[in-house]
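Okay, structure first, notes after.
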Amino acid sequence: MTVAGLDSSRLRVKITGRSLPRCADEDLGFGTVITDHMLKVEWSVERGWNAPMIIPAGPVGLHPFAHVFHYAVECYEGMKAYVDANGDVRLFRPRMNMQRFRTSAKRLSLPDFDGEELLKCIETLVDIDKDWIPRKRGFSMYLRPVIFSTTPWLGLTQCAEAMILVLCCPVGPYFKSGFVPIKLSVDAKYIRAWPGGTGNVKAGGNYGPTVISQANATAAGASQSLFVYDKHEYVTEAGTMNVFFLIRNERGVKQLITPSLEDGTILPGVTRQSVIELSQQWGECETIERMIPFGDIKAAFERGDVLEIFGTGTAAVIQPISGIVYEGVEYKPITEFNDKALQVRLTNFLVSVQYGDIDHPWSHVVPKSTWSKR
Ligand SMILES: *Cc1c(COP(=O)(O)O)cnc(C)c1O
């Protein structure tokens, strides 16, 4: 038997007979409502990828020994679908997500697949559940591709069986408070990622252990942790977002700085990359990726040279940060948060691209699919 690649032309669609409960847009949280359908693709080492299937969303049966349960052999993606003014569905730079999904899967010894083929299956899924996408600004449909090892024995071996699921949920604004700044607290105890680890891939195992840190942030009066590592306290990420600082350096030069990808502790965010590219194009300041010891930021705070701080990620797009708590002291950026702020202009631009107000190569129109029931 030949080992098959993931092939969208073999996609089978089973439409649900009973639509799942919906909820009013205003009541949508983040990832609480699942849409009618999901994509499922199974893999085995002998046969390769089975025919992809779009089926009614619901429970998945797994062997209790499945590696995912015991060894967290799992990674995921996060992307969003938006409806534009013409009623077309759009994705934002989805090929970057497919590429990153493959990179994460490789790091976890999960099987590789053709990203273009998976994207085609996802497009069909989105088209089928398109009427679940809320039309209101700030609302969208979050897509959660996930791949995990279903290898059904306890020995920690190479992956023999795996599964991809793609789940969809209509979502409102990530932070209920909306476009409102949040506070971060530097976590002095727990480390999210380190050189040689898995911080640069979206492995589920990176996230479970940060929940405890979230509780510490809350106790410090903040809503997310700013993760650092090593005696230099290199800044890594703000909760599950990449982090940016707009500062003036010692010579008074304006710089937008974000941790570089070089040490493998930073998740290469699609939003991060987009902000870097926009900032470079706009040319209002230097755009710099580098290792950032927290002491550099603290010194800039002490000079009054921290202009803006924000987090980036698909869920929130851009999240303004109003202050950072470090050793019990809160440090604040000096710029008033208004329409002139760089982060507000970046957000407006990105959102206009995502919703198709501006024609831009980053926005990908989902073709009307020609799926048929089989
Ligand atoms: C997903 C994620 C991000 C943001 O990536 P985007 O592609 O912009 O959504 C940033 N940091 C972490 C830790 C993440 O998991």
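In the structure tokens, chains take the letters A, B, ... in the order shown, each chain's residues start at 1, and ligands count up from 1 in the order shown.
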Could you build a table of the residues in chain A lying no more than 10 Å from ligand 1, giving for each the nearest pair of atoms and their separation in Å rounded to one decimal place, using only C-alpha atoms and all ligand atoms, ordered by chain and ascending residue number, as CSV?
residue,atom,partner,partner_atom_place_in_ligand_line,distance
A:Tyr76,CA,ligand 1,1 (C),8.8
A:Glu77,CA,ligand 1,1 (C),7.0
A:Gly78,CA,ligand 1,9 (O),6.0
A:Met79,CA,ligand 1,9 (O),6.7
A:Lys80,CA,ligand 1,9 (O),9.2
A:Phe92,CA,ligand 1,7 (O),9.8
A:Arg93,CA,ligand 1,7 (O),9.4
A:Pro94,CA,ligand 1,7 (O),9.6
A:Met96,CA,ligand 1,7 (O),8.1
A:Asn97,CA,ligand 1,7 (O),7.0
A:Arg100,CA,ligand 1,7 (O),8.7
A:Arg192,CA,ligand 1,13 (C),8.6
A:Ala193,CA,ligand 1,13 (C),9.2
A:Gly199,CA,ligand 1,13 (C),7.1
A:Asn200,CA,ligand 1,13 (C),7.9
A:Val201,CA,ligand 1,15 (O),7.7
A:Lys202,CA,ligand 1,15 (O),5.5
A:Ala203,CA,ligand 1,15 (O),8.2
A:Gly204,CA,ligand 1,15 (O),8.8
A:Asn206,CA,ligand 1,13 (C),8.0
A:Tyr207,CA,ligand 1,15 (O),7.8
A:Thr236,CA,ligand 1,13 (C),8.9
A:Glu237,CA,ligand 1,11 (N),6.3
A:Ala238,CA,ligand 1,11 (N),7.5
A:Gly239,CA,ligand 1,13 (C),6.8
A:Thr240,CA,ligand 1,13 (C),4.0
A:Met241,CA,ligand 1,10 (C),3.8
A:Asn242,CA,ligand 1,10 (C),4.5
A:Val243,CA,ligand 1,10 (C),8.2
A:Thr265,CA,ligand 1,13 (C),9.1
A:Ile266,CA,ligand 1,11 (N),7.1
A:Leu267,CA,ligand 1,11 (N),5.0
A:Pro268,CA,ligand 1,5 (O),6.4
A:Gly269,CA,ligand 1,5 (O),3.3
A:Val270,CA,ligand 1,7 (O),3.6
A:Thr271,CA,ligand 1,8 (O),3.7
A:Arg272,CA,ligand 1,8 (O),5.5
A:Gln273,CA,ligand 1,8 (O),7.7
A:Ser274,CA,ligand 1,8 (O),8.4
A:Val275,CA,ligand 1,8 (O),9.5
A:Gly311,CA,ligand 1,10 (C),8.4
A:Thr312,CA,ligand 1,8 (O),5.9
A:Gly313,CA,ligand 1,8 (O),3.5
A:Thr314,CA,ligand 1,9 (O),3.6
A:Ala315,CA,ligand 1,9 (O),6.4
A:Ala316,CA,ligand 1,9 (O),8.4
A:Val317,CA,ligand 1,8 (O),7.2
A:Ile318,CA,ligand 1,8 (O),9.2
- Message: Give me, as a ChimeraX atom specification, the residues of range 84-296 of chain A that a backbone DSSP run labels alpha helix (DSSP H).
- Response: /A:94-107,115-128,211-219,270-282,294-296
Save the residues we just selected, C-alpha atoms, as a PDB file, in the first residue's frame?
ATOM      1  CA  PRO A  94      -3.365  31.952   5.973  1.00  0.00           C
ATOM      2  CA  ARG A  95      -0.290  30.514   4.275  1.00  0.00           C
ATOM      3  CA  MET A  96       1.831  31.787   7.150  1.00  0.00           C
ATOM      4  CA  ASN A  97      -0.360  29.764   9.507  1.00  0.00           C
ATOM      5  CA  MET A  98      -0.040  26.649   7.346  1.00  0.00           C
ATOM      6  CA  GLN A  99       3.739  27.035   7.243  1.00  0.00           C
ATOM      7  CA  ARG A 100       3.957  27.525  11.020  1.00  0.00           C
ATOM      8  CA  PHE A 101       1.598  24.574  11.619  1.00  0.00           C
ATOM      9  CA  ARG A 102       3.981  22.346   9.664  1.00  0.00           C
ATOM     10  CA  THR A 103       7.007  23.684  11.535  1.00  0.00           C
ATOM     11  CA  SER A 104       5.322  23.029  14.891  1.00  0.00           C
ATOM     12  CA  ALA A 105       4.256  19.530  13.811  1.00  0.00           C
ATOM     13  CA  LYS A 106       7.832  18.712  12.760  1.00  0.00           C
ATOM     14  CA  ARG A 107       9.214  19.865  16.131  1.00  0.00           C
ATOM     15  CA  GLY A 115      -0.161  23.140   3.625  1.00  0.00           C
ATOM     16  CA  GLU A 116      -1.924  24.180   0.395  1.00  0.00           C
ATOM     17  CA  GLU A 117      -4.074  21.057   0.490  1.00  0.00           C
ATOM     18  CA  LEU A 118      -5.018  21.614   4.127  1.00  0.00           C
ATOM     19  CA  LEU A 119      -5.834  25.243   3.339  1.00  0.00           C
ATOM     20  CA  LYS A 120      -8.216  24.108   0.567  1.00  0.00           C
ATOM     21  CA  CYS A 121     -10.039  21.836   3.027  1.00  0.00           C
ATOM     22  CA  ILE A 122     -10.229  24.698   5.547  1.00  0.00           C
ATOM     23  CA  GLU A 123     -11.664  26.986   2.870  1.00  0.00           C
ATOM     24  CA  THR A 124     -14.427  24.485   2.194  1.00  0.00           C
ATOM     25  CA  LEU A 125     -15.156  24.176   5.913  1.00  0.00           C
ATOM     26  CA  VAL A 126     -15.344  27.961   6.284  1.00  0.00           C
ATOM     27  CA  ASP A 127     -17.619  28.186   3.245  1.00  0.00           C
ATOM     28  CA  ILE A 128     -19.971  25.560   4.675  1.00  0.00           C
ATOM     29  CA  VAL A 211      -2.049  29.212  33.705  1.00  0.00           C
ATOM     30  CA  ILE A 212      -0.489  29.342  37.182  1.00  0.00           C
ATOM     31  CA  SER A 213       1.428  32.473  36.209  1.00  0.00           C
ATOM     32  CA  GLN A 214      -1.802  34.085  35.070  1.00  0.00           C
ATOM     33  CA  ALA A 215      -3.082  33.750  38.655  1.00  0.00           C
ATOM     34  CA  ASN A 216       0.070  35.501  39.941  1.00  0.00           C
ATOM     35  CA  ALA A 217      -0.499  38.349  37.473  1.00  0.00           C
ATOM     36  CA  THR A 218      -4.034  38.760  38.773  1.00  0.00           C
ATOM     37  CA  ALA A 219      -2.718  38.832  42.351  1.00  0.00           C
ATOM     38  CA  VAL A 270       1.664  36.517  11.938  1.00  0.00           C
ATOM     39  CA  THR A 271       0.476  39.752  13.549  1.00  0.00           C
ATOM     40  CA  ARG A 272       4.020  40.402  14.831  1.00  0.00           C
ATOM     41  CA  GLN A 273       5.463  39.984  11.339  1.00  0.00           C
ATOM     42  CA  SER A 274       2.740  42.219   9.860  1.00  0.00           C
ATOM     43  CA  VAL A 275       3.412  44.988  12.413  1.00  0.00           C
ATOM     44  CA  ILE A 276       7.158  44.789  11.684  1.00  0.00           C
ATOM     45  CA  GLU A 277       6.560  45.033   7.919  1.00  0.00           C
ATOM     46  CA  LEU A 278       4.121  47.953   8.302  1.00  0.00           C
ATOM     47  CA  SER A 279       6.411  49.827  10.666  1.00  0.00           C
ATOM     48  CA  GLN A 280       9.284  49.393   8.208  1.00  0.00           C
ATOM     49  CA  GLN A 281       7.135  50.647   5.327  1.00  0.00           C
ATOM     50  CA  TRP A 282       5.795  53.636   7.261  1.00  0.00           C
ATOM     51  CA  PHE A 294      14.131  43.954  30.917  1.00  0.00           C
ATOM     52  CA  GLY A 295      16.721  46.317  32.411  1.00  0.00           C
ATOM     53  CA  ASP A 296      16.819  48.177  29.058  1.00  0.00           C
TER      54      ASP A 296
END
- Within 10 Å of Arg22 in chain A, counting only C-alpha atoms, which residues show up once you throw out same-chain ones fewer than 4 positions away? Write them as a PyMOL selection string, please. chain A and resi 28+33-36+132+170
How would the residues just picked look written out with N, CA and C atoms as a PDB file, in the first residue's frame?
ATOM      1  N   LEU A  28     -21.251  36.479  22.887  1.00  0.00           N
ATOM      2  CA  LEU A  28     -20.148  35.608  22.480  1.00  0.00           C
ATOM      3  C   LEU A  28     -18.915  35.850  23.333  1.00  0.00           C
ATOM      4  N   VAL A  33     -18.558  28.820  21.704  1.00  0.00           N
ATOM      5  CA  VAL A  33     -19.595  28.284  20.816  1.00  0.00           C
ATOM      6  C   VAL A  33     -18.914  27.603  19.629  1.00  0.00           C
ATOM      7  N   ILE A  34     -19.253  26.364  19.378  1.00  0.00           N
ATOM      8  CA  ILE A  34     -18.671  25.660  18.225  1.00  0.00           C
ATOM      9  C   ILE A  34     -19.687  25.667  17.080  1.00  0.00           C
ATOM     10  N   THR A  35     -19.200  25.745  15.850  1.00  0.00           N
ATOM     11  CA  THR A  35     -20.120  25.764  14.705  1.00  0.00           C
ATOM     12  C   THR A  35     -20.560  24.342  14.363  1.00  0.00           C
ATOM     13  N   ASP A  36     -21.393  24.217  13.344  1.00  0.00           N
ATOM     14  CA  ASP A  36     -21.996  22.921  13.008  1.00  0.00           C
ATOM     15  C   ASP A  36     -21.011  21.858  12.541  1.00  0.00           C
ATOM     16  N   TRP A 132     -22.297  31.259  10.131  1.00  0.00           N
ATOM     17  CA  TRP A 132     -21.992  31.398  11.568  1.00  0.00           C
ATOM     18  C   TRP A 132     -21.109  32.614  11.843  1.00  0.00           C
ATOM     19  N   PRO A 170     -17.540  31.217  16.331  1.00  0.00           N
ATOM     20  CA  PRO A 170     -17.770  32.654  16.180  1.00  0.00           C
ATOM     21  C   PRO A 170     -17.248  33.346  17.433  1.00  0.00           C
TER      22      PRO A 170
END
If we count only C-alpha atoms and set the cut-off at 8 Å, which residues sit around Glu161 in chain A, ignoring sequence neighbours fewer than 2 positions away in its own chain? Please answer as an mmCIF file with N, CA and C atoms, in the first residue's frame.
data_model
loop_
_atom_site.group_PDB
_atom_site.id
_atom_site.type_symbol
_atom_site.label_atom_id
_atom_site.label_comp_id
_atom_site.auth_asym_id
_atom_site.auth_seq_id
_atom_site.Cartn_x
_atom_site.Cartn_y
_atom_site.Cartn_z
ATOM 1 N N GLU A 42 -7.322 11.854 9.391
ATOM 2 C CA GLU A 42 -6.543 10.888 10.171
ATOM 3 C C GLU A 42 -5.330 10.399 9.380
ATOM 4 N N TRP A 43 -4.291 10.087 10.137
ATOM 5 C CA TRP A 43 -3.029 9.654 9.525
ATOM 6 C C TRP A 43 -2.513 8.406 10.230
ATOM 7 N N SER A 44 -1.929 7.514 9.467
ATOM 8 C CA SER A 44 -1.199 6.401 10.085
ATOM 9 C C SER A 44 0.094 6.197 9.318
ATOM 10 N N VAL A 45 1.078 5.670 10.020
ATOM 11 C CA VAL A 45 2.396 5.531 9.415
ATOM 12 C C VAL A 45 2.357 4.599 8.206
ATOM 13 N N SER A 149 -0.989 13.388 18.371
ATOM 14 C CA SER A 149 -0.660 11.978 18.208
ATOM 15 C C SER A 149 -1.717 11.121 18.890
ATOM 16 N N THR A 150 -2.327 10.240 18.111
ATOM 17 C CA THR A 150 -3.314 9.298 18.663
ATOM 18 C C THR A 150 -2.681 7.920 18.836
ATOM 19 N N THR A 151 -1.364 7.850 18.694
ATOM 20 C CA THR A 151 -0.624 6.590 18.810
ATOM 21 C C THR A 151 -1.050 5.834 20.084
ATOM 22 N N PRO A 152 -1.627 4.621 19.925
ATOM 23 C CA PRO A 152 -2.374 4.025 21.028
ATOM 24 C C PRO A 152 -1.578 3.094 21.937
ATOM 25 N N CYS A 159 5.745 8.788 16.301
ATOM 26 C CA CYS A 159 4.305 8.811 16.074
ATOM 27 C C CYS A 159 3.906 7.750 15.040
ATOM 28 N N MET A 163 -3.962 12.743 14.129
ATOM 29 C CA MET A 163 -5.223 13.301 13.636
ATOM 30 C C MET A 163 -5.106 14.813 13.558
#
- What gap, in Å, lies between CA of Glu74 in chain A and CA of Trp194 in chain A?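 Pair CA of Glu74 in chain A / CA of Trp194 in chain A returns 18.8 Å.
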- CA of Gly17 in chain A to CA of Gly61 in chain A: how many Å, to one decimal?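 Answer for the CA of Gly17 in chain A to CA of Gly61 in chain A separation: 20.4 Å.
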- Please indicate the distance in Å from CA of Ser369 in chain A to CA of Asp84 in chain A, rounded to one decimal place.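 Value for the CA of Ser369 in chain A-CA of Asp84 in chain A distance: 17.0 Å.
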- Between A:Pro59, A:Gly304, A:Gly5, A:Gly29, which is the closest to Leu246 in chain A once you count only C-alpha atoms? A:Gly304
- Task: Name the residues in contact with Asp305 in chain A at a cut-off of 10 Å, using only C-alpha atoms, excluding same-chain residues fewer than 2 positions from it; report them as a list in words.
- Result: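 Final neighbour list, sorted by chain and number: Leu246, Ile247, Arg248, Asn249, Glu250, Gly252, Val253, Lys254, Ile297, Lys298, Ala299, Ala300, Phe301, Glu302, Arg303, Leu307, Glu308, Pro333, Ile334 and Thr335 of chain A.
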- Which of range 111-338 of chain A counts as strand (DSSP E or B) under DSSP, as number ranges by chain please? A: 140-149, 161-171, 182-187, 203, 224-229, 234-238, 241-248, 254-259, 286-290, 293, 306-313, 317-326, 329-331
- Message: Residues within 7 Å of Pro259 in chain A, please, as a ChimeraX atom specification. Count only C-alpha atoms; anything in the same chain fewer than 2 positions from it doesn't count.
- Response: /A:235-236,257,261,289-292
For the selection just defined, write its residues with C-alpha atoms to a file, as a JSON list (two decimals), in the first residue's frame.
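So out_17.json came out as:
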[["chain", "number", "residue", "atom", "x", "y", "z"],
["A", 235, "VAL", "CA", 11.70, 39.81, 27.60],
["A", 236, "THR", "CA", 9.88, 37.07, 25.71],
["A", 257, "ILE", "CA", 11.49, 47.14, 19.34],
["A", 261, "LEU", "CA", 13.42, 35.18, 16.90],
["A", 289, "GLU", "CA", 14.21, 42.96, 16.44],
["A", 290, "ARG", "CA", 16.70, 42.18, 19.19],
["A", 291, "MET", "CA", 17.19, 40.44, 22.52],
["A", 292, "ILE", "CA", 15.67, 42.79, 25.11]]
- Item | Who sits within 12 Å of Asn348 in chain A, only C-alpha atoms, same chain under 4 positions skipped, as an MDAnalysis selection string | chainID A and resid 137:138 179 275 278 317:318 339:344 352:355 357:358
What would the file look like if the residues just selected were written as a compact mmCIF listing (two decimals), in the first residue's frame with all heavy atoms?
# COMPACT_ATOMS: atom_id res chain seq x y z
N ARG A 137 -18.43 44.54 13.24
CA ARG A 137 -17.02 44.89 13.37
C ARG A 137 -16.46 44.40 14.71
O ARG A 137 -17.14 44.52 15.74
CB ARG A 137 -16.88 46.41 13.32
CG ARG A 137 -15.95 47.02 12.27
CD ARG A 137 -15.11 46.06 11.54
NE ARG A 137 -15.41 46.01 10.13
CZ ARG A 137 -14.79 46.70 9.20
NH1 ARG A 137 -13.84 47.52 9.50
NH2 ARG A 137 -15.12 46.54 7.94
N GLY A 138 -15.28 43.86 14.65
CA GLY A 138 -14.68 43.33 15.87
C GLY A 138 -15.03 41.86 16.08
O GLY A 138 -14.43 41.18 16.88
N PHE A 179 -11.13 47.67 23.21
CA PHE A 179 -9.82 48.25 22.93
C PHE A 179 -9.40 49.08 24.13
O PHE A 179 -9.24 50.30 24.06
CB PHE A 179 -9.95 49.11 21.66
CG PHE A 179 -8.64 49.31 20.95
CD1 PHE A 179 -7.90 48.24 20.49
CD2 PHE A 179 -8.17 50.59 20.71
CE1 PHE A 179 -6.69 48.43 19.83
CE2 PHE A 179 -6.96 50.79 20.03
CZ PHE A 179 -6.23 49.71 19.60
N VAL A 275 3.10 43.71 11.76
CA VAL A 275 3.41 44.99 12.41
C VAL A 275 4.84 45.42 12.05
O VAL A 275 5.08 46.59 11.73
CB VAL A 275 3.23 44.88 13.95
CG1 VAL A 275 3.90 46.03 14.67
CG2 VAL A 275 1.73 44.82 14.29
N LEU A 278 4.80 46.65 8.42
CA LEU A 278 4.12 47.95 8.30
C LEU A 278 5.00 49.07 8.86
O LEU A 278 5.14 50.13 8.25
CB LEU A 278 2.79 47.94 9.06
CG LEU A 278 1.62 47.25 8.37
CD1 LEU A 278 0.38 47.30 9.26
CD2 LEU A 278 1.33 47.90 7.02
N VAL A 317 -5.63 41.07 17.94
CA VAL A 317 -4.97 41.91 16.93
C VAL A 317 -3.87 42.73 17.64
O VAL A 317 -2.75 42.30 17.71
CB VAL A 317 -5.92 42.80 16.11
CG1 VAL A 317 -5.14 43.42 14.94
CG2 VAL A 317 -7.07 41.96 15.55
N ILE A 318 -4.26 43.92 18.17
CA ILE A 318 -3.29 44.68 18.96
C ILE A 318 -3.91 44.98 20.31
O ILE A 318 -5.05 45.44 20.39
CB ILE A 318 -2.86 45.97 18.22
CG1 ILE A 318 -1.88 45.57 17.09
CG2 ILE A 318 -2.19 46.96 19.19
CD1 ILE A 318 -1.35 46.70 16.27
N ASP A 339 -6.01 58.49 18.95
CA ASP A 339 -5.97 58.09 17.54
C ASP A 339 -4.61 58.31 16.88
O ASP A 339 -4.33 57.75 15.83
CB ASP A 339 -7.02 58.87 16.74
CG ASP A 339 -8.41 58.32 17.02
OD1 ASP A 339 -8.51 57.30 17.73
OD2 ASP A 339 -9.38 58.91 16.53
N LYS A 340 -3.78 59.16 17.50
CA LYS A 340 -2.46 59.42 16.90
C LYS A 340 -1.45 58.33 17.28
O LYS A 340 -0.41 58.21 16.66
CB LYS A 340 -1.93 60.77 17.38
CG LYS A 340 -2.72 61.96 16.86
CD LYS A 340 -1.84 63.21 16.86
CE LYS A 340 -2.65 64.47 16.60
NZ LYS A 340 -3.31 64.98 17.83
N ALA A 341 -1.76 57.56 18.31
CA ALA A 341 -0.82 56.54 18.78
C ALA A 341 -0.51 55.56 17.65
O ALA A 341 -1.40 55.18 16.87
CB ALA A 341 -1.40 55.81 19.98
N LEU A 342 0.73 55.15 17.56
CA LEU A 342 1.15 54.21 16.51
C LEU A 342 0.30 52.94 16.55
O LEU A 342 -0.17 52.45 15.53
CB LEU A 342 2.64 53.86 16.69
CG LEU A 342 3.19 52.80 15.72
CD1 LEU A 342 3.13 53.29 14.28
CD2 LEU A 342 4.61 52.40 16.10
N GLN A 343 0.08 52.42 17.75
CA GLN A 343 -0.66 51.16 17.86
C GLN A 343 -2.10 51.28 17.38
O GLN A 343 -2.66 50.32 16.86
CB GLN A 343 -0.61 50.63 19.29
CG GLN A 343 -1.17 51.56 20.32
CD GLN A 343 -0.90 51.05 21.72
OE1 GLN A 343 -1.37 49.99 22.09
NE2 GLN A 343 -0.10 51.77 22.48
N VAL A 344 -2.68 52.47 17.53
CA VAL A 344 -4.07 52.65 17.09
C VAL A 344 -4.10 52.69 15.56
O VAL A 344 -4.97 52.07 14.92
CB VAL A 344 -4.69 53.93 17.70
CG1 VAL A 344 -6.09 54.16 17.15
CG2 VAL A 344 -4.70 53.83 19.22
N SER A 352 -8.72 47.04 8.74
CA SER A 352 -9.26 47.36 7.40
C SER A 352 -8.84 46.33 6.37
O SER A 352 -9.60 46.02 5.45
CB SER A 352 -8.76 48.73 6.92
OG SER A 352 -8.98 49.68 7.89
N VAL A 353 -7.63 45.80 6.51
CA VAL A 353 -7.19 44.75 5.59
C VAL A 353 -7.97 43.46 5.87
O VAL A 353 -8.48 42.81 4.96
CB VAL A 353 -5.67 44.49 5.73
CG1 VAL A 353 -5.25 43.27 4.91
CG2 VAL A 353 -4.88 45.72 5.30
N GLN A 354 -8.11 43.12 7.16
CA GLN A 354 -8.77 41.87 7.53
C GLN A 354 -10.22 41.84 7.04
O GLN A 354 -10.70 40.81 6.58
CB GLN A 354 -8.71 41.69 9.05
CG GLN A 354 -7.30 41.32 9.51
CD GLN A 354 -7.08 41.47 11.00
OE1 GLN A 354 -7.82 42.16 11.69
NE2 GLN A 354 -6.03 40.83 11.50
N TYR A 355 -10.92 42.98 7.16
CA TYR A 355 -12.32 43.02 6.75
C TYR A 355 -12.49 43.41 5.28
O TYR A 355 -13.59 43.65 4.82
CB TYR A 355 -13.12 43.97 7.65
CG TYR A 355 -13.36 43.38 9.04
CD1 TYR A 355 -12.45 43.57 10.06
CD2 TYR A 355 -14.50 42.62 9.31
CE1 TYR A 355 -12.65 43.03 11.32
CE2 TYR A 355 -14.71 42.07 10.57
CZ TYR A 355 -13.78 42.28 11.57
OH TYR A 355 -13.99 41.73 12.81
N ASP A 357 -11.73 46.17 3.66
CA ASP A 357 -12.03 47.57 3.30
C ASP A 357 -10.98 48.10 2.34
O ASP A 357 -11.27 48.89 1.46
CB ASP A 357 -12.01 48.49 4.54
CG ASP A 357 -12.96 48.04 5.62
OD1 ASP A 357 -13.86 47.23 5.29
OD2 ASP A 357 -12.82 48.48 6.77
N ILE A 358 -9.72 47.69 2.59
CA ILE A 358 -8.64 48.06 1.69
C ILE A 358 -8.23 46.79 0.96
O ILE A 358 -8.13 45.73 1.57
CB ILE A 358 -7.36 48.56 2.43
CG1 ILE A 358 -7.67 49.08 3.83
CG2 ILE A 358 -6.61 49.57 1.61
CD1 ILE A 358 -6.40 49.57 4.55
